[in-house]
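Enquirer: The following block contains the structure, expressed as structure tokens.
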There are 2 protein chains.
Amino acid sequence: MTAIDATPRVCSVARTLEVVGEKWSLLAIREVFLGARRFEEMVVNIGAPRDTLANRLRTLVDAGILQRRRYSDRPPRDEYVLTDAGRDLYPVIISLMQWGDRHLPLESGPPMRLAHECGSPLHTHLACDSCGGRVDRSTVRRIDAAG
Amino acid sequence: MTAIDATPRVCSVARTLEVVGEKWSLLAIREVFLGARRFEEMVVNIGAPRDTLANRLRTLVDAGILQRRRYSDRPPRDEYVLTDAGRDLYPVIISLMQWGDRHLPLESGPPMRLAHECGSPLHTHLACDSCGGRVDRSTVRRIDAAG
DNA sequence: TACGGTCAGTCCGGAATTCGGACTGACCAA
DNA sequence: TTGGTCAGTCCGAATTCCGGACTGACCGTA
């Protein structure tokens with residue numbers, strides 16, 4: 001008996017993108033990483049419609065990626081901070097930035113320069129938590145679920 | 001004299017997302033990484049409207065991330081393969097997948113199981129190309145452009 | 001040579017989303 | 001009382017996305 005393909009593919013990439021893959025979401029997360037936690041800052045730094053950004057922030061809070069925190073009572077003002085889950089998106093943001101720096105360079109050089117604690121300009125690769133070895137297509141294999 | 005803020009922020013994350021940030025784009029790239037190079041496969045595995053997917057593939061080819069390659073002359077059939085730039089998106093895809101595996105788990109366990117060549121199930125972190133040390137918010141600092 | 005199937009799209013009109021900009025409401029400072 | 005800041009909401013027009021039907025090139029087979 002042949003099973004019918006479950007389509008579309010069940011995949012963590014797709015499930016993650018359902019949460020952070022809408023337009024402006026990842027830029028809002030970038031802003032919080034950069035320390036711009038207030039709505040007004042995000043609007044100008046991102047260039048998103050206020051409307052849409054307010055919706056995205058709601059979605060990210062509901063998803064447990066951002067948390068609203070009151071920083072002023074009079075007038076009532078909230079800021080957005082990263083949860084643990086939000087902080088775990090750091091590799092996604094950095095990987096996107098590194099790709100842009102490499103493949104969409106500006107004449108003026110990288111618009112935001114980062115350095116590792118070792119002193120070098122930041123260039124990264126993925127490494128295995130267990131052995132520390134480089135992770136790329138050639139060092140990863142798929143384990144097929146046995147039936 | 002005070003300079004007027006350049007808004008929105010000039011940023012490689014934003015420039016990268018202009019190319020790969022539209023709905024379905026990253027899933028199309030995922031498919032090619034997984035070996036599904038043909039249009040029809042992508043339609044069923046992704047679940048995107050054929051219409052929209054055809055547009056995304058055009059955009060990705062124009063951006064130099066995918067390349068069209070003829071694999072049959074009669075009937076004329078093309079497949080999509082990764083360019084070097086496309087292969088460099090591997091860390092983005094893997095980071096998204098790892099985040100989903102951790103924060104949006106399925107009862108049935110991770111839908112796609114990967115292993116590193118060392119034998120361990122794949123768990124990754126970002127590492128510095130220079131010193132190999134872990135890259136996270138606490139080990140990265142921003143270098144402000146001096147005026 | 002007629003029929004059915006595969007593949008890679010295009011075309012369609014309705015539905016949903018996004019857009020910029022105006023507006024609201026709470027508050028502060030002069 | 002006037003003006004400004006901040007965090008949104010509301011609006012109607014413009015754009016994008018959607019599922020599904022269709023096209024065109026070809027193959028297999030009967």
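Ordering of the structure tokens sets the chain letters (A, B, ...), residue numbers begin anew at 1 in every chain, and ligands are numbered from 1 in the order given.
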Pick out the residues sitting within 12 Å of DG13 in chain C, and hand them over as a VMD selection string; count only C-alpha atoms (C1' of nucleotides), and ignore anything fewer than 6 positions along from it in its own chain.
Expert: chain D and resid 18 to 21
Enquirer: With all heavy atoms kept, could you save the residues just selected as a compact mmCIF listing (two decimals), in the first residue's frame?
Expert:
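Output file selection_26.txt follows:
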```
# COMPACT_ATOMS: atom_id res chain seq x y z
P DC D 18 -0.40 33.50 -1.51
OP1 DC D 18 -0.35 32.91 -0.17
OP2 DC D 18 0.68 33.24 -2.48
O5' DC D 18 -1.79 33.08 -2.18
C5' DC D 18 -2.97 33.22 -1.38
C4' DC D 18 -4.19 32.81 -2.17
O4' DC D 18 -4.45 33.80 -3.18
C3' DC D 18 -4.01 31.51 -2.94
O3' DC D 18 -4.44 30.43 -2.13
C2' DC D 18 -4.93 31.68 -4.15
C1' DC D 18 -5.12 33.19 -4.27
N1 DC D 18 -4.57 33.83 -5.49
C2 DC D 18 -5.45 34.24 -6.49
O2 DC D 18 -6.66 34.02 -6.35
N3 DC D 18 -4.95 34.86 -7.59
C4 DC D 18 -3.64 35.08 -7.70
N4 DC D 18 -3.19 35.71 -8.80
C5 DC D 18 -2.73 34.66 -6.69
C6 DC D 18 -3.23 34.04 -5.61
P DG D 19 -4.09 28.91 -2.53
OP1 DG D 19 -4.06 28.11 -1.29
OP2 DG D 19 -2.91 28.94 -3.40
O5' DG D 19 -5.34 28.45 -3.41
C5' DG D 19 -6.66 28.75 -3.00
C4' DG D 19 -7.63 28.44 -4.12
O4' DG D 19 -7.47 29.41 -5.20
C3' DG D 19 -7.46 27.06 -4.76
O3' DG D 19 -8.76 26.52 -5.02
C2' DG D 19 -6.67 27.35 -6.04
C1' DG D 19 -7.14 28.76 -6.42
N9 DG D 19 -6.11 29.59 -7.07
C8 DG D 19 -4.78 29.62 -6.78
N7 DG D 19 -4.10 30.48 -7.51
C5 DG D 19 -5.06 31.04 -8.34
C6 DG D 19 -4.93 32.03 -9.35
O6 DG D 19 -3.91 32.62 -9.71
N1 DG D 19 -6.15 32.32 -9.95
C2 DG D 19 -7.35 31.73 -9.62
N2 DG D 19 -8.41 32.13 -10.30
N3 DG D 19 -7.48 30.80 -8.67
C4 DG D 19 -6.30 30.51 -8.07
P DG D 20 -8.94 25.03 -5.64
OP1 DG D 20 -10.12 24.40 -5.02
OP2 DG D 20 -7.63 24.35 -5.61
O5' DG D 20 -9.29 25.37 -7.17
C5' DG D 20 -10.17 26.46 -7.47
C4' DG D 20 -10.15 26.72 -8.96
O4' DG D 20 -9.05 27.61 -9.30
C3' DG D 20 -9.94 25.46 -9.81
O3' DG D 20 -10.81 25.55 -10.93
C2' DG D 20 -8.48 25.56 -10.22
C1' DG D 20 -8.37 27.06 -10.41
N9 DG D 20 -7.00 27.58 -10.44
C8 DG D 20 -5.93 27.16 -9.68
N7 DG D 20 -4.83 27.81 -9.95
C5 DG D 20 -5.19 28.71 -10.94
C6 DG D 20 -4.42 29.68 -11.62
O6 DG D 20 -3.23 29.95 -11.48
N1 DG D 20 -5.19 30.38 -12.57
C2 DG D 20 -6.52 30.15 -12.80
N2 DG D 20 -7.09 30.91 -13.74
N3 DG D 20 -7.25 29.25 -12.17
C4 DG D 20 -6.53 28.57 -11.26
P DA D 21 -11.11 24.25 -11.83
OP1 DA D 21 -12.47 23.78 -11.53
OP2 DA D 21 -9.96 23.31 -11.73
O5' DA D 21 -11.09 24.88 -13.30
C5' DA D 21 -11.75 26.14 -13.54
C4' DA D 21 -11.12 26.80 -14.75
O4' DA D 21 -9.78 27.27 -14.40
C3' DA D 21 -10.94 25.86 -15.95
O3' DA D 21 -11.38 26.52 -17.12
C2' DA D 21 -9.45 25.55 -15.95
C1' DA D 21 -8.86 26.84 -15.38
N9 DA D 21 -7.55 26.66 -14.73
C8 DA D 21 -7.24 25.76 -13.75
N7 DA D 21 -5.99 25.83 -13.36
C5 DA D 21 -5.45 26.84 -14.14
C6 DA D 21 -4.15 27.40 -14.22
N6 DA D 21 -3.13 27.00 -13.46
N1 DA D 21 -3.94 28.39 -15.11
C2 DA D 21 -4.97 28.79 -15.87
N3 DA D 21 -6.24 28.34 -15.89
C4 DA D 21 -6.40 27.36 -14.99
```
Enquirer: Given only C-alpha atoms (C1' of nucleotides), how would the per-residue table for chain B near chain D read, listing every residue at most 7 Å away with its closest atom pair and distance in Å to one decimal, sorted by chain and number, as a Markdown table?
Expert:
```
| residue | atom | partner | partner_atom | distance |
| --- | --- | --- | --- | --- |
| B:Pro49 | CA | D:DC18 | C1' | 6.9 |
| B:Arg74 | CA | D:DC26 | C1' | 6.7 |
| B:Pro75 | CA | D:DC26 | C1' | 4.9 |
```
Enquirer: Please save C-alpha atoms of the selected residues as a PDB file, in the first residue's frame.
Expert:
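After the write, result.pdb holds the following:
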```pdb
ATOM      1  CA  PRO B  49       0.258  29.232  -6.137  1.00  0.00           C
ATOM      2  CA  ARG B  74      12.428  17.350 -26.225  1.00  0.00           C
ATOM      3  CA  PRO B  75      10.186  18.359 -24.509  1.00  0.00           C
TER       4      PRO B  75
END
```
Enquirer: Using only C-alpha atoms and a cut-off of 6 Å, which residues of chain A sit close to chain B? Please list them as a PyMOL selection string.
Expert: chain A and resi 7-9+11-13+16+44-47+92+95-97+100-101+111+113-117+123-129+139-143
Enquirer: For the residues selected in the previous step, produce a file with C-alpha atoms as a compact mmCIF listing (two decimals), in the first residue's frame.
Expert:
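Contents of the output file selection.txt:
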```txt
# COMPACT_ATOMS: atom_id res chain seq x y z
CA THR A 7 1.76 18.00 0.58
CA PRO A 8 2.98 20.57 1.26
CA ARG A 9 6.15 19.34 2.95
CA CYS A 11 9.16 21.50 7.55
CA SER A 12 10.55 23.66 10.32
CA VAL A 13 11.69 26.28 7.84
CA THR A 16 9.34 29.38 11.30
CA VAL A 44 11.62 55.54 11.12
CA ASN A 45 14.46 53.00 11.07
CA ILE A 46 12.51 50.39 9.16
CA GLY A 47 10.39 52.58 6.94
CA VAL A 92 19.15 34.17 11.39
CA SER A 95 23.38 35.13 8.51
CA LEU A 96 21.13 37.43 6.50
CA MET A 97 23.45 40.36 7.17
CA GLY A 100 24.04 40.88 2.09
CA ASP A 101 27.49 42.18 2.96
CA PRO A 111 26.80 49.79 6.30
CA ARG A 113 30.48 46.99 10.91
CA LEU A 114 30.64 44.35 13.58
CA ALA A 115 33.64 42.76 15.24
CA HIS A 116 34.05 39.54 17.18
CA GLU A 117 35.51 39.69 20.68
CA HIS A 123 32.79 36.80 9.41
CA THR A 124 30.91 33.71 10.46
CA HIS A 125 30.14 30.15 9.59
CA LEU A 126 27.89 27.53 11.11
CA ALA A 127 29.55 25.09 13.48
CA CYS A 128 28.42 21.82 15.04
CA ASP A 129 27.56 22.04 18.75
CA THR A 139 29.23 17.87 6.05
CA VAL A 140 25.53 17.34 6.71
CA ARG A 141 23.51 14.29 5.81
CA ARG A 142 19.87 13.58 6.02
CA ILE A 143 18.59 10.79 8.23
```
Enquirer: Would you kindly return, as an MDAnalysis selection string, each protein, DNA or RNA residue with an atom no farther than 10 Å from any atom of DC7 in chain C, considering only C-alpha atoms (C1' of nucleotides) and excluding same-chain residues fewer than 2 positions away?
Expert: (chainID B and resid 38:41 75:78) or (chainID C and resid 5 9) or (chainID D and resid 25:26)
Enquirer: Name the closest residue to chain A among the candidates C:DC12, C:DC28, C:DT1, C:DT6; distances are taken between atoms, counting only C-alpha atoms (C1' of nucleotides).
Expert: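 Using only C-alpha atoms (C1' of nucleotides), the shortest distance to chain A belongs to C:DC28.
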Enquirer: Would you list which chain C residues are within 7 Å of chain A using only C-alpha atoms (C1' of nucleotides), as a ChimeraX atom specification?
Expert: /C:19,26-27
Enquirer: From chain B, collect each residue whose DSSP state is helix (DSSP H, G or I) and return the set as a ChimeraX atom specification.
Expert: /B:12-20,25-33,39-46,50-62,84-87,90-103,137-139
Enquirer: For CA of Ala28 in chain B and CA of Leu60 in chain B, quote the distance in Å rounded to one decimal.
Expert: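 So the answer is 9.2 Å.
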